[in-house]
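Next up, query-v1.cif (mmCIF, C-alpha atoms):
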data_upload
loop_
_atom_site.group_PDB
_atom_site.id
_atom_site.type_symbol
_atom_site.label_atom_id
_atom_site.label_comp_id
_atom_site.auth_asym_id
_atom_site.auth_seq_id
_atom_site.Cartn_x
_atom_site.Cartn_y
_atom_site.Cartn_z
ATOM 1 C CA ALA A 15 -8.997 16.427 -3.917
ATOM 2 C CA LEU A 16 -5.760 17.830 -5.331
ATOM 3 C CA ALA A 17 -6.822 17.103 -8.899
ATOM 4 C CA LYS A 18 -10.022 19.092 -8.454
ATOM 5 C CA LYS A 19 -8.402 21.968 -6.656
ATOM 6 C CA ALA A 20 -5.277 22.287 -8.742
ATOM 7 C CA ASN A 21 -6.843 21.186 -12.035
ATOM 8 C CA PRO A 22 -3.530 21.142 -13.881
ATOM 9 C CA GLY A 23 -5.138 20.692 -17.271
ATOM 10 C CA LYS A 24 -4.885 17.610 -19.431
ATOM 11 C CA PRO A 25 -1.451 18.052 -20.970
ATOM 12 C CA GLY A 26 -1.332 14.515 -22.344
ATOM 13 C CA ALA A 27 -4.391 15.162 -24.489
ATOM 14 C CA GLN A 28 -2.827 18.126 -26.264
ATOM 15 C CA LYS A 29 0.168 16.459 -27.925
ATOM 16 C CA ALA A 30 0.883 16.531 -31.625
ATOM 17 C CA LYS A 31 -0.741 13.854 -33.733
ATOM 18 C CA ILE A 32 1.082 10.551 -33.379
ATOM 19 C CA ASP A 33 1.000 7.460 -35.589
ATOM 20 C CA VAL A 34 -0.769 4.508 -33.987
ATOM 21 C CA PRO A 35 1.656 1.638 -33.373
ATOM 22 C CA LYS A 36 0.664 -1.952 -34.085
ATOM 23 C CA PRO A 37 1.545 -3.973 -30.966
ATOM 24 C CA VAL A 38 3.010 -7.433 -31.390
ATOM 25 C CA THR A 39 0.247 -9.999 -30.933
ATOM 26 C CA ASN A 40 1.869 -13.250 -32.083
ATOM 27 C CA LEU A 41 5.438 -14.425 -31.706
ATOM 28 C CA ASP A 42 6.905 -17.684 -32.949
ATOM 29 C CA LEU A 43 9.058 -19.488 -30.432
ATOM 30 C CA ASN A 44 10.954 -21.625 -32.951
ATOM 31 C CA GLY A 45 12.422 -23.692 -30.137
ATOM 32 C CA ARG A 46 13.452 -20.689 -28.074
ATOM 33 C CA ARG A 47 13.218 -20.472 -24.308
ATOM 34 C CA LEU A 48 10.218 -18.567 -22.908
ATOM 35 C CA VAL A 49 10.225 -16.693 -19.590
ATOM 36 C CA ALA A 50 7.367 -14.906 -17.822
ATOM 37 C CA VAL A 51 7.777 -12.244 -15.129
ATOM 38 C CA GLY A 52 4.765 -11.232 -13.073
ATOM 39 C CA ASP A 53 3.553 -7.922 -11.655
ATOM 40 C CA ILE A 54 6.306 -5.520 -10.584
ATOM 41 C CA HIS A 55 4.447 -2.484 -9.203
ATOM 42 C CA GLY A 56 7.198 0.097 -9.143
ATOM 43 C CA ASP A 57 9.759 -1.932 -7.168
ATOM 44 C CA PHE A 58 13.023 -1.587 -9.100
ATOM 45 C CA ALA A 59 15.138 -3.759 -6.777
ATOM 46 C CA GLN A 60 12.697 -6.670 -6.852
ATOM 47 C CA ALA A 61 12.314 -6.351 -10.621
ATOM 48 C CA MET A 62 16.073 -6.605 -11.051
ATOM 49 C CA LYS A 63 16.156 -9.709 -8.834
ATOM 50 C CA ALA A 64 13.477 -11.311 -11.009
ATOM 51 C CA LEU A 65 15.372 -10.485 -14.198
ATOM 52 C CA GLU A 66 18.609 -11.918 -12.828
ATOM 53 C CA LEU A 67 16.731 -14.996 -11.615
ATOM 54 C CA SER A 68 15.398 -15.478 -15.141
ATOM 55 C CA LYS A 69 18.990 -15.669 -16.418
ATOM 56 C CA CYS A 70 18.068 -12.960 -18.921
ATOM 57 C CA MET A 71 20.053 -10.168 -17.242
ATOM 58 C CA ASP A 72 23.375 -10.155 -15.436
ATOM 59 C CA SER A 73 24.270 -8.297 -12.244
ATOM 60 C CA GLU A 74 25.411 -5.308 -14.311
ATOM 61 C CA GLY A 75 21.995 -4.993 -15.958
ATOM 62 C CA LYS A 76 22.962 -6.369 -19.373
ATOM 63 C CA TRP A 77 20.985 -8.859 -21.464
ATOM 64 C CA ILE A 78 22.430 -12.368 -21.262
ATOM 65 C CA GLY A 79 19.292 -14.248 -22.337
ATOM 66 C CA GLY A 80 20.449 -14.903 -25.880
ATOM 67 C CA THR A 81 17.418 -15.872 -27.972
ATOM 68 C CA THR A 82 15.061 -16.105 -24.976
ATOM 69 C CA VAL A 83 11.587 -14.578 -25.246
ATOM 70 C CA LEU A 84 10.887 -12.654 -22.029
ATOM 71 C CA VAL A 85 7.324 -11.518 -21.305
ATOM 72 C CA GLN A 86 6.412 -9.190 -18.443
ATOM 73 C CA VAL A 87 2.680 -9.617 -17.850
ATOM 74 C CA GLY A 88 1.821 -6.002 -16.981
ATOM 75 C CA ASP A 89 1.416 -3.841 -13.878
ATOM 76 C CA ILE A 90 4.784 -2.160 -13.811
ATOM 77 C CA LEU A 91 2.878 0.898 -12.614
ATOM 78 C CA ASP A 92 1.498 1.912 -9.178
ATOM 79 C CA ARG A 93 2.245 1.020 -5.555
ATOM 80 C CA GLY A 94 5.993 1.703 -5.955
ATOM 81 C CA ASP A 95 8.338 4.646 -6.511
ATOM 82 C CA ASN A 96 10.468 3.638 -9.523
ATOM 83 C CA GLU A 97 8.106 2.977 -12.408
ATOM 84 C CA LEU A 98 9.843 5.059 -15.070
ATOM 85 C CA ALA A 99 13.225 3.546 -14.208
ATOM 86 C CA ILE A 100 11.747 0.064 -14.638
ATOM 87 C CA MET A 101 10.120 0.997 -17.944
ATOM 88 C CA ARG A 102 13.432 2.366 -19.202
ATOM 89 C CA LYS A 103 15.276 -0.786 -18.106
ATOM 90 C CA PHE A 104 12.891 -3.034 -20.027
ATOM 91 C CA GLN A 105 13.240 -0.831 -23.116
ATOM 92 C CA LYS A 106 17.032 -1.140 -22.913
ATOM 93 C CA LEU A 107 16.857 -4.916 -22.473
ATOM 94 C CA ALA A 108 14.474 -5.157 -25.436
ATOM 95 C CA ARG A 109 17.023 -3.461 -27.692
ATOM 96 C CA GLU A 110 19.841 -5.705 -26.453
ATOM 97 C CA ALA A 111 17.698 -8.844 -26.755
ATOM 98 C CA LYS A 112 16.753 -8.022 -30.335
ATOM 99 C CA GLU A 113 20.430 -7.850 -31.272
ATOM 100 C CA ALA A 114 20.938 -11.331 -29.813
ATOM 101 C CA GLY A 115 17.904 -12.868 -31.503
ATOM 102 C CA GLY A 116 15.708 -12.657 -28.422
ATOM 103 C CA ASP A 117 12.574 -10.699 -27.585
ATOM 104 C CA VAL A 118 11.400 -8.690 -24.584
ATOM 105 C CA VAL A 119 7.693 -7.897 -24.467
ATOM 106 C CA VAL A 120 6.053 -5.785 -21.755
ATOM 107 C CA MET A 121 2.272 -6.055 -21.557
ATOM 108 C CA ASN A 122 -0.437 -3.692 -20.405
ATOM 109 C CA GLY A 123 -2.132 -4.580 -17.135
ATOM 110 C CA ASN A 124 -5.071 -2.970 -15.393
ATOM 111 C CA HIS A 125 -2.808 -0.412 -13.709
ATOM 112 C CA GLU A 126 -1.441 0.775 -17.045
ATOM 113 C CA ILE A 127 -5.034 1.171 -18.262
ATOM 114 C CA MET A 128 -5.988 3.021 -15.057
ATOM 115 C CA ASN A 129 -3.188 5.543 -15.390
ATOM 116 C CA VAL A 130 -4.056 6.406 -18.981
ATOM 117 C CA MET A 131 -7.622 6.884 -17.704
ATOM 118 C CA ASP A 132 -6.404 9.517 -15.191
ATOM 119 C CA ASP A 133 -6.924 7.143 -12.249
ATOM 120 C CA PHE A 134 -3.961 7.774 -9.988
ATOM 121 C CA ARG A 135 -5.314 6.425 -6.695
ATOM 122 C CA TYR A 136 -2.464 3.891 -6.347
ATOM 123 C CA VAL A 137 0.366 6.242 -7.369
ATOM 124 C CA THR A 138 2.877 6.766 -4.544
ATOM 125 C CA LYS A 139 4.332 10.076 -3.472
ATOM 126 C CA GLY A 140 7.694 8.841 -4.723
ATOM 127 C CA ALA A 141 6.252 7.998 -8.152
ATOM 128 C CA PHE A 142 4.724 11.476 -8.490
ATOM 129 C CA GLY A 143 8.186 12.812 -7.668
ATOM 130 C CA GLU A 144 9.818 10.585 -10.285
ATOM 131 C CA CYS A 145 7.385 11.969 -12.886
ATOM 132 C CA ARG A 146 8.076 15.556 -11.829
ATOM 133 C CA ARG A 147 11.849 15.068 -12.132
ATOM 134 C CA TRP A 148 11.451 13.348 -15.523
ATOM 135 C CA VAL A 149 9.434 16.221 -16.958
ATOM 136 C CA GLU A 150 11.733 18.837 -15.418
ATOM 137 C CA LYS A 151 14.750 17.218 -17.090
ATOM 138 C CA ARG A 152 12.930 16.923 -20.398
ATOM 139 C CA ARG A 153 11.910 20.572 -20.244
ATOM 140 C CA ALA A 154 15.464 21.625 -19.374
ATOM 141 C CA ARG A 155 16.768 19.771 -22.460
ATOM 142 C CA GLU A 156 14.170 21.490 -24.620
ATOM 143 C CA ALA A 157 15.049 24.921 -23.175
ATOM 144 C CA GLU A 158 18.748 24.327 -23.809
ATOM 145 C CA LYS A 159 18.033 23.303 -27.393
ATOM 146 C CA LEU A 160 15.331 25.815 -28.308
ATOM 147 C CA GLY A 161 15.798 28.624 -25.809
ATOM 148 C CA GLU A 162 13.715 29.207 -22.693
ATOM 149 C CA GLU A 163 11.446 31.676 -24.494
ATOM 150 C CA ASN A 164 10.439 28.964 -26.987
ATOM 151 C CA VAL A 165 9.412 26.384 -24.382
ATOM 152 C CA GLU A 166 5.884 26.432 -23.012
ATOM 153 C CA PRO A 167 5.934 27.810 -19.441
ATOM 154 C CA LEU A 168 4.794 25.641 -16.561
ATOM 155 C CA PRO A 169 1.343 26.462 -15.194
ATOM 156 C CA PRO A 170 1.250 28.593 -12.025
ATOM 157 C CA VAL A 171 0.801 26.782 -8.724
ATOM 158 C CA PRO A 172 -2.630 27.441 -7.168
ATOM 159 C CA ASP A 173 -2.885 28.845 -3.653
ATOM 160 C CA GLY A 174 -2.760 26.282 -0.890
ATOM 161 C CA VAL A 175 -0.981 23.610 -2.941
ATOM 162 C CA THR A 176 2.710 22.827 -2.565
ATOM 163 C CA PRO A 177 4.733 23.107 -5.794
ATOM 164 C CA ASN A 178 6.049 19.534 -5.538
ATOM 165 C CA SER A 179 2.551 18.107 -5.133
ATOM 166 C CA TYR A 180 1.098 20.222 -7.909
ATOM 167 C CA TYR A 181 3.870 19.613 -10.413
ATOM 168 C CA GLY A 182 3.997 15.908 -9.503
ATOM 169 C CA LEU A 183 0.364 15.550 -10.521
ATOM 170 C CA TRP A 184 0.798 17.828 -13.533
ATOM 171 C CA ALA A 185 3.779 15.765 -14.720
ATOM 172 C CA ARG A 186 1.933 12.494 -14.160
ATOM 173 C CA ARG A 187 -0.891 13.661 -16.380
ATOM 174 C CA ASP A 188 1.536 15.045 -18.950
ATOM 175 C CA LEU A 189 3.229 11.652 -19.198
ATOM 176 C CA PHE A 190 0.358 9.201 -18.891
ATOM 177 C CA LEU A 191 -2.839 10.701 -20.286
ATOM 178 C CA PRO A 192 -3.616 9.724 -23.908
ATOM 179 C CA GLY A 193 -0.948 11.165 -26.201
ATOM 180 C CA GLY A 194 1.527 11.653 -23.343
ATOM 181 C CA GLU A 195 5.102 10.428 -23.578
ATOM 182 C CA MET A 196 4.631 7.285 -21.475
ATOM 183 C CA ALA A 197 1.151 6.542 -22.821
ATOM 184 C CA VAL A 198 2.632 6.555 -26.329
ATOM 185 C CA LYS A 199 5.392 4.180 -25.223
ATOM 186 C CA MET A 200 2.829 1.829 -23.633
ATOM 187 C CA ALA A 201 0.720 1.961 -26.806
ATOM 188 C CA SER A 202 3.323 -0.287 -28.438
ATOM 189 C CA ASN A 203 2.779 -2.935 -25.748
ATOM 190 C CA PRO A 204 0.233 -5.700 -26.283
ATOM 191 C CA THR A 205 -2.687 -6.318 -23.956
ATOM 192 C CA VAL A 206 -3.096 -9.905 -25.157
ATOM 193 C CA LEU A 207 -0.283 -11.961 -26.671
ATOM 194 C CA GLN A 208 0.345 -15.441 -28.003
ATOM 195 C CA VAL A 209 3.861 -16.873 -28.013
ATOM 196 C CA GLY A 210 3.875 -20.305 -29.597
ATOM 197 C CA ASP A 211 1.376 -22.401 -27.640
ATOM 198 C CA THR A 212 1.196 -19.994 -24.681
ATOM 199 C CA VAL A 213 -1.276 -17.119 -24.387
ATOM 200 C CA PHE A 214 -0.560 -14.169 -22.118
ATOM 201 C CA ALA A 215 -3.124 -11.789 -20.643
ATOM 202 C CA HIS A 216 -2.806 -9.790 -17.464
ATOM 203 C CA ALA A 217 -5.976 -11.294 -15.982
ATOM 204 C CA GLY A 218 -7.473 -13.745 -18.452
ATOM 205 C CA ILE A 219 -9.265 -14.491 -21.697
ATOM 206 C CA THR A 220 -12.541 -16.049 -22.809
ATOM 207 C CA GLU A 221 -13.700 -17.250 -26.192
ATOM 208 C CA ASN A 222 -15.364 -13.849 -26.649
ATOM 209 C CA HIS A 223 -11.935 -12.197 -26.614
ATOM 210 C CA VAL A 224 -10.620 -14.716 -29.137
ATOM 211 C CA ASP A 225 -13.607 -14.055 -31.408
ATOM 212 C CA TYR A 226 -13.129 -10.291 -31.085
ATOM 213 C CA GLY A 227 -9.529 -10.739 -32.200
ATOM 214 C CA PHE A 228 -6.351 -10.253 -30.185
ATOM 215 C CA GLN A 229 -4.803 -7.963 -32.805
ATOM 216 C CA ARG A 230 -7.964 -5.866 -33.015
ATOM 217 C CA LEU A 231 -8.070 -5.514 -29.235
ATOM 218 C CA ASN A 232 -4.387 -4.546 -29.083
ATOM 219 C CA ASN A 233 -4.767 -2.052 -31.928
ATOM 220 C CA GLU A 234 -7.742 -0.377 -30.262
ATOM 221 C CA VAL A 235 -5.922 -0.034 -26.937
ATOM 222 C CA ALA A 236 -2.977 1.483 -28.834
ATOM 223 C CA ALA A 237 -5.215 3.945 -30.701
ATOM 224 C CA TRP A 238 -6.715 5.074 -27.395
ATOM 225 C CA MET A 239 -3.356 5.456 -25.669
ATOM 226 C CA VAL A 240 -1.949 7.696 -28.392
ATOM 227 C CA GLY A 241 -5.095 9.822 -28.287
ATOM 228 C CA LYS A 242 -6.720 8.807 -31.564
ATOM 229 C CA ASN A 243 -9.693 6.974 -30.011
ATOM 230 C CA SER A 244 -11.637 8.541 -27.144
ATOM 231 C CA GLN A 245 -12.183 5.234 -25.330
ATOM 232 C CA PRO A 246 -10.407 1.880 -25.091
ATOM 233 C CA PRO A 247 -12.273 -1.296 -26.110
ATOM 234 C CA LYS A 248 -14.797 -2.551 -23.558
ATOM 235 C CA HIS A 249 -12.688 -5.656 -23.011
ATOM 236 C CA VAL A 250 -10.206 -3.697 -20.882
ATOM 237 C CA LEU A 251 -12.937 -1.967 -18.875
ATOM 238 C CA GLU A 252 -15.281 -4.822 -17.973
ATOM 239 C CA GLU A 253 -15.068 -6.577 -14.613
ATOM 240 C CA LYS A 254 -14.555 -9.877 -16.449
ATOM 241 C CA GLY A 255 -12.262 -8.272 -19.028
ATOM 242 C CA VAL A 256 -8.720 -9.240 -20.039
ATOM 243 C CA VAL A 257 -7.005 -7.044 -17.429
ATOM 244 C CA TRP A 258 -9.606 -7.286 -14.618
ATOM 245 C CA THR A 259 -11.116 -10.752 -14.199
ATOM 246 C CA ARG A 260 -10.257 -12.762 -11.081
ATOM 247 C CA ASP A 261 -11.715 -15.969 -12.514
ATOM 248 C CA TYR A 262 -8.269 -17.467 -13.119
ATOM 249 C CA GLY A 263 -6.738 -16.217 -9.877
ATOM 250 C CA GLY A 264 -7.413 -19.397 -7.931
ATOM 251 C CA ALA A 265 -8.238 -19.284 -4.216
ATOM 252 C CA GLU A 266 -6.459 -15.918 -3.926
ATOM 253 C CA GLY A 267 -8.988 -14.575 -6.419
ATOM 254 C CA GLY A 268 -11.847 -15.634 -4.162
ATOM 255 C CA ASN A 269 -12.717 -18.718 -6.217
ATOM 256 C CA LYS A 270 -14.020 -21.676 -4.212
ATOM 257 C CA SER A 271 -14.320 -23.776 -7.343
ATOM 258 C CA GLU A 272 -12.637 -23.186 -10.672
ATOM 259 C CA ALA A 273 -14.581 -25.754 -12.705
ATOM 260 C CA ALA A 274 -16.658 -23.155 -14.577
ATOM 261 C CA ALA A 275 -13.602 -20.966 -15.204
ATOM 262 C CA CYS A 276 -11.630 -23.969 -16.447
ATOM 263 C CA LYS A 277 -14.388 -24.789 -18.913
ATOM 264 C CA ARG A 278 -14.314 -21.227 -20.284
ATOM 265 C CA LEU A 279 -10.541 -21.301 -20.437
ATOM 266 C CA THR A 280 -10.485 -24.617 -22.299
ATOM 267 C CA GLU A 281 -12.894 -23.194 -24.894
ATOM 268 C CA ALA A 282 -10.733 -20.091 -25.313
ATOM 269 C CA LEU A 283 -7.474 -22.026 -25.588
ATOM 270 C CA ASP A 284 -8.992 -24.467 -28.073
ATOM 271 C CA ALA A 285 -9.996 -21.488 -30.204
ATOM 272 C CA THR A 286 -6.413 -20.194 -30.220
ATOM 273 C CA GLY A 287 -4.687 -23.552 -30.565
ATOM 274 C CA ALA A 288 -2.713 -22.815 -27.394
ATOM 275 C CA LYS A 289 -2.052 -25.163 -24.483
ATOM 276 C CA ARG A 290 -1.861 -22.721 -21.615
ATOM 277 C CA LEU A 291 -2.557 -19.203 -20.361
ATOM 278 C CA ILE A 292 -0.171 -17.188 -18.192
ATOM 279 C CA VAL A 293 -1.683 -14.418 -16.069
ATOM 280 C CA GLY A 294 -0.643 -11.983 -13.364
ATOM 281 C CA HIS A 295 -3.061 -9.649 -11.563
ATOM 282 C CA THR A 296 -3.958 -11.747 -8.505
ATOM 283 C CA PRO A 297 -1.044 -11.960 -6.040
ATOM 284 C CA GLN A 298 -0.280 -15.509 -4.956
ATOM 285 C CA GLN A 299 0.996 -15.419 -1.380
ATOM 286 C CA LYS A 300 2.476 -18.910 -1.629
ATOM 287 C CA GLY A 301 4.165 -18.268 -4.969
ATOM 288 C CA ILE A 302 3.611 -19.169 -8.606
ATOM 289 C CA ASN A 303 1.139 -22.004 -9.120
ATOM 290 C CA SER A 304 -1.103 -23.535 -11.762
ATOM 291 C CA GLY A 305 -4.741 -24.511 -12.146
ATOM 292 C CA CYS A 306 -7.103 -26.199 -14.577
ATOM 293 C CA GLY A 307 -4.719 -29.121 -14.992
ATOM 294 C CA GLY A 308 -1.833 -26.887 -16.004
ATOM 295 C CA LYS A 309 -3.851 -24.770 -18.440
ATOM 296 C CA VAL A 310 -3.424 -21.602 -16.367
ATOM 297 C CA TRP A 311 -0.273 -20.409 -14.633
ATOM 298 C CA ARG A 312 -0.387 -17.561 -12.095
ATOM 299 C CA SER A 313 2.795 -15.475 -12.221
ATOM 300 C CA ASP A 314 2.080 -12.686 -9.724
ATOM 301 C CA THR A 315 3.970 -13.466 -6.510
ATOM 302 C CA GLY A 316 3.305 -10.050 -4.955
ATOM 303 C CA MET A 317 7.041 -9.357 -5.199
ATOM 304 C CA SER A 318 6.683 -5.583 -4.926
ATOM 305 C CA ARG A 319 7.129 -4.198 -1.445
ATOM 306 C CA GLY A 320 3.975 -2.235 -2.254
ATOM 307 C CA ILE A 321 2.140 -5.595 -2.143
ATOM 308 C CA TYR A 322 3.720 -8.408 -0.076
ATOM 309 C CA GLY A 323 7.425 -8.009 -0.795
ATOM 310 C CA ASN A 324 7.591 -11.741 -1.513
ATOM 311 C CA THR A 325 10.652 -13.440 -2.961
ATOM 312 C CA PRO A 326 10.639 -13.098 -6.764
ATOM 313 C CA GLN A 327 9.878 -16.144 -8.890
ATOM 314 C CA VAL A 328 9.576 -16.482 -12.662
ATOM 315 C CA ILE A 329 8.097 -19.016 -15.063
ATOM 316 C CA GLU A 330 10.330 -20.778 -17.580
ATOM 317 C CA ILE A 331 9.092 -22.852 -20.521
ATOM 318 C CA VAL A 332 11.554 -24.920 -22.523
ATOM 319 C CA ASN A 333 10.328 -27.358 -25.183
ATOM 320 C CA GLY A 334 6.828 -27.292 -23.697
ATOM 321 C CA ARG A 335 7.999 -28.044 -20.160
ATOM 322 C CA VAL A 336 6.933 -25.481 -17.570
ATOM 323 C CA ARG A 337 8.868 -24.907 -14.395
ATOM 324 C CA VAL A 338 9.125 -22.251 -11.703
ATOM 325 C CA LEU A 339 12.478 -20.600 -11.043
ATOM 326 C CA SER A 340 12.926 -19.468 -7.443
ATOM 327 C CA ALA A 341 15.710 -17.507 -5.795
#
Encoded form (structure tokens):
Amino acid sequence: ALAKKANPGKPGAQKAKIDVPKPVTNLDLNGRRLVAVGDIHGDFAQAMKALELSKCMDSEGKWIGGTTVLVQVGDILDRGDNELAIMRKFQKLAREAKEAGGDVVVMNGNHEIMNVMDDFRYVTKGAFGECRRWVEKRRAREAEKLGEENVEPLPPVPDGVTPNSYYGLWARRDLFLPGGEMAVKMASNPTVLQVGDTVFAHAGITENHVDYGFQRLNNEVAAWMVGKNSQPPKHVLEEKGVVWTRDYGGAEGGNKSEAAACKRLTEALDATGAKRLIVGHTPQQKGINSGCGGKVWRSDTGMSRGIYGNTPQVIEIVNGRVRVLSA
């Protein structure tokens, strides 16, 4: 209702032209340790617990993972109040990891796609506030540098809408609509990824996605997020798409039998040469588990207090051996 009444424009769509990044799609492990962190949903404290548990970050927030490859499977956004702080933390860890010979990769989940599509139904009041403060600080820096008269004024607040609510929504759109600051940052993140013999997708893959091409899919999501393409590829919109399907979510995904899904997964993995798929998306109330004879691993423990607030767990793979790390 607020979006219709306030109609604070589409600031994200009016940014200067930006080069389209090419997200990483394949990484060689070369004997390195691989760690997967599931859905975070705006819960900074739980995210930090997961990162410490992974032995990739110390209690002071510094990278200690050495050459480890750390993959976060998407859904940093929504249901929690500290999304931008989490995004910034992962960016910092990525820089530190690179210096040590490691890699940190954050993926796009369905909630990242939703936000770039102007779907804010799961955004918390606190997250709108975080966006408002972010944009206010950015604008203040610009005014100090360029002079207030050279910075575009904020739109007036419509009657009957509180300034905090209006500017929270306005800032959210400014940051996350195509071409916005956060959308551009997320454009560098893959939506599908292969690290050695492990494939990552927020929800799942089929042979159709392999045939379409992981790099092509990632590039098209990136082009949409920066505002070059008007729509993302259909594979991130479809019910059975890479960020939406529940087919690999096990019993928690409403699957009484996974035989058909396992057959599709085997075909997809054979086409990639990989041994396993790691997904998030479907919260597992009893913790991380596997299916299809170890060909799919479900990383979403519902750790965010916006979901279940469960104890964080992470997946570790060393020399092809998969194990679950628990606090």
Top pick for closest residue to Ala61 of chain A, considering A:Ser340, A:Ser318, A:Ser179, A:Asn203 and counting all atoms listed in the file: A:Ser318
What are the closest atom pairs, with distances in Å to one decimal, for all residues of segment 148-255 of chain A lying within 10 Å of segment 292-297 of chain A? Consider all atoms listed in the file, order rows by chain and residue number, and present the result as a Markdown table.
| residue | atom | partner | partner_atom | distance |
| --- | --- | --- | --- | --- |
| A:Leu207 | CA | A:Ile292 | CA | 10.0 |
| A:Gln208 | CA | A:Ile292 | CA | 10.0 |
| A:Thr212 | CA | A:Ile292 | CA | 7.2 |
| A:Val213 | CA | A:Ile292 | CA | 6.3 |
| A:Phe214 | CA | A:Ile292 | CA | 5.0 |
| A:Ala215 | CA | A:Val293 | CA | 5.5 |
| A:His216 | CA | A:Val293 | CA | 5.0 |
| A:Ala217 | CA | A:Val293 | CA | 5.3 |
| A:Gly218 | CA | A:Val293 | CA | 6.3 |
| A:Ile219 | CA | A:Val293 | CA | 9.4 |
Coordinates-based distance that separates atom CA of Gln299 of chain A from atom CA of Thr205 of chain A (Å, one decimal): 24.6 Å
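Across the structure, atom CA of Ala99 of chain A and atom CA of Thr81 of chain A are spaced 24.2 Å apart.
Here atom CA of Pro35 of chain A and atom CA of Ser202 of chain A stand 5.6 Å from one another.
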For Glu126 of chain A, the nearest of the candidates A:Pro177, A:Pro170, A:Pro192, A:Gly88, counting only C-alpha atoms: A:Gly88
Nearest to Val118 of chain A by atom-to-atom distance, counting all atoms listed in the file, from A:Val209, A:Val130, A:Ala59, A:Val34: A:Val209
Nearest-residue call for Leu41 of chain A, choices A:Pro169, A:Tyr180, A:Arg102, A:Pro204, using only C-alpha atoms: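 Closest candidate: A:Pro204.
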Nearest to Val235 of chain A by atom-to-atom distance, counting all atoms listed in the file, from A:Asn124, A:Ser73, A:Gln60, A:Asn164: A:Asn124
Nearby residues, (-11.8, -20.8, -20.7) file frame, 10 Å, all atoms listed in the file, as a ChimeraX atom specification: /A:218-222,261-262,273-285,291,306,309-310
Residue among A:Glu162, A:Glu252, A:Asp95, A:Glu330 lying closest to Tyr136 of chain A, counting only C-alpha atoms: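 Nearest to Tyr136 of chain A: A:Asp95.
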Non-local contacts of segment 47-58 of chain A (6 Å; all atoms listed in the file; under 5 positions in same chain excluded) as number ranges by chain: A: 82-97, 100, 294, 313-314, 318, 328-332
Output of the PyMOL selection byres ((chain A and resi 240) around 8), listed as number ranges by chain: A: 32-34, 192-194, 197-198, 201, 236-239, 241-243
Hits of the PyMOL selection byres ((chain A and resi 143) around 10) in this structure, as a list in words: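 So the PyMOL selection byres ((chain A and resi 143) around 10) ends up selecting Asp95, Asn96, Thr138, Lys139, Gly140, Ala141, Phe142, Glu144, Cys145, Arg146, Arg147, Trp148, Val149, Asn178, Ser179, Tyr181, Gly182, Leu183, Ala185 and Arg186 of chain A.
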Store the residues of this selection in a file with C-alpha atoms, as a PDB file, keeping the file's coordinate frame.
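Wrote it out as part30.pdb, contents follow:
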ATOM      1  CA  ASP A  95       8.338   4.646  -6.511  1.00  0.00           C
ATOM      2  CA  ASN A  96      10.468   3.638  -9.523  1.00  0.00           C
ATOM      3  CA  THR A 138       2.877   6.766  -4.544  1.00  0.00           C
ATOM      4  CA  LYS A 139       4.332  10.076  -3.472  1.00  0.00           C
ATOM      5  CA  GLY A 140       7.694   8.841  -4.723  1.00  0.00           C
ATOM      6  CA  ALA A 141       6.252   7.998  -8.152  1.00  0.00           C
ATOM      7  CA  PHE A 142       4.724  11.476  -8.490  1.00  0.00           C
ATOM      8  CA  GLU A 144       9.818  10.585 -10.285  1.00  0.00           C
ATOM      9  CA  CYS A 145       7.385  11.969 -12.886  1.00  0.00           C
ATOM     10  CA  ARG A 146       8.076  15.556 -11.829  1.00  0.00           C
ATOM     11  CA  ARG A 147      11.849  15.068 -12.132  1.00  0.00           C
ATOM     12  CA  TRP A 148      11.451  13.348 -15.523  1.00  0.00           C
ATOM     13  CA  VAL A 149       9.434  16.221 -16.958  1.00  0.00           C
ATOM     14  CA  ASN A 178       6.049  19.534  -5.538  1.00  0.00           C
ATOM     15  CA  SER A 179       2.551  18.107  -5.133  1.00  0.00           C
ATOM     16  CA  TYR A 181       3.870  19.613 -10.413  1.00  0.00           C
ATOM     17  CA  GLY A 182       3.997  15.908  -9.503  1.00  0.00           C
ATOM     18  CA  LEU A 183       0.364  15.550 -10.521  1.00  0.00           C
ATOM     19  CA  ALA A 185       3.779  15.765 -14.720  1.00  0.00           C
ATOM     20  CA  ARG A 186       1.933  12.494 -14.160  1.00  0.00           C
TER      21      ARG A 186
END
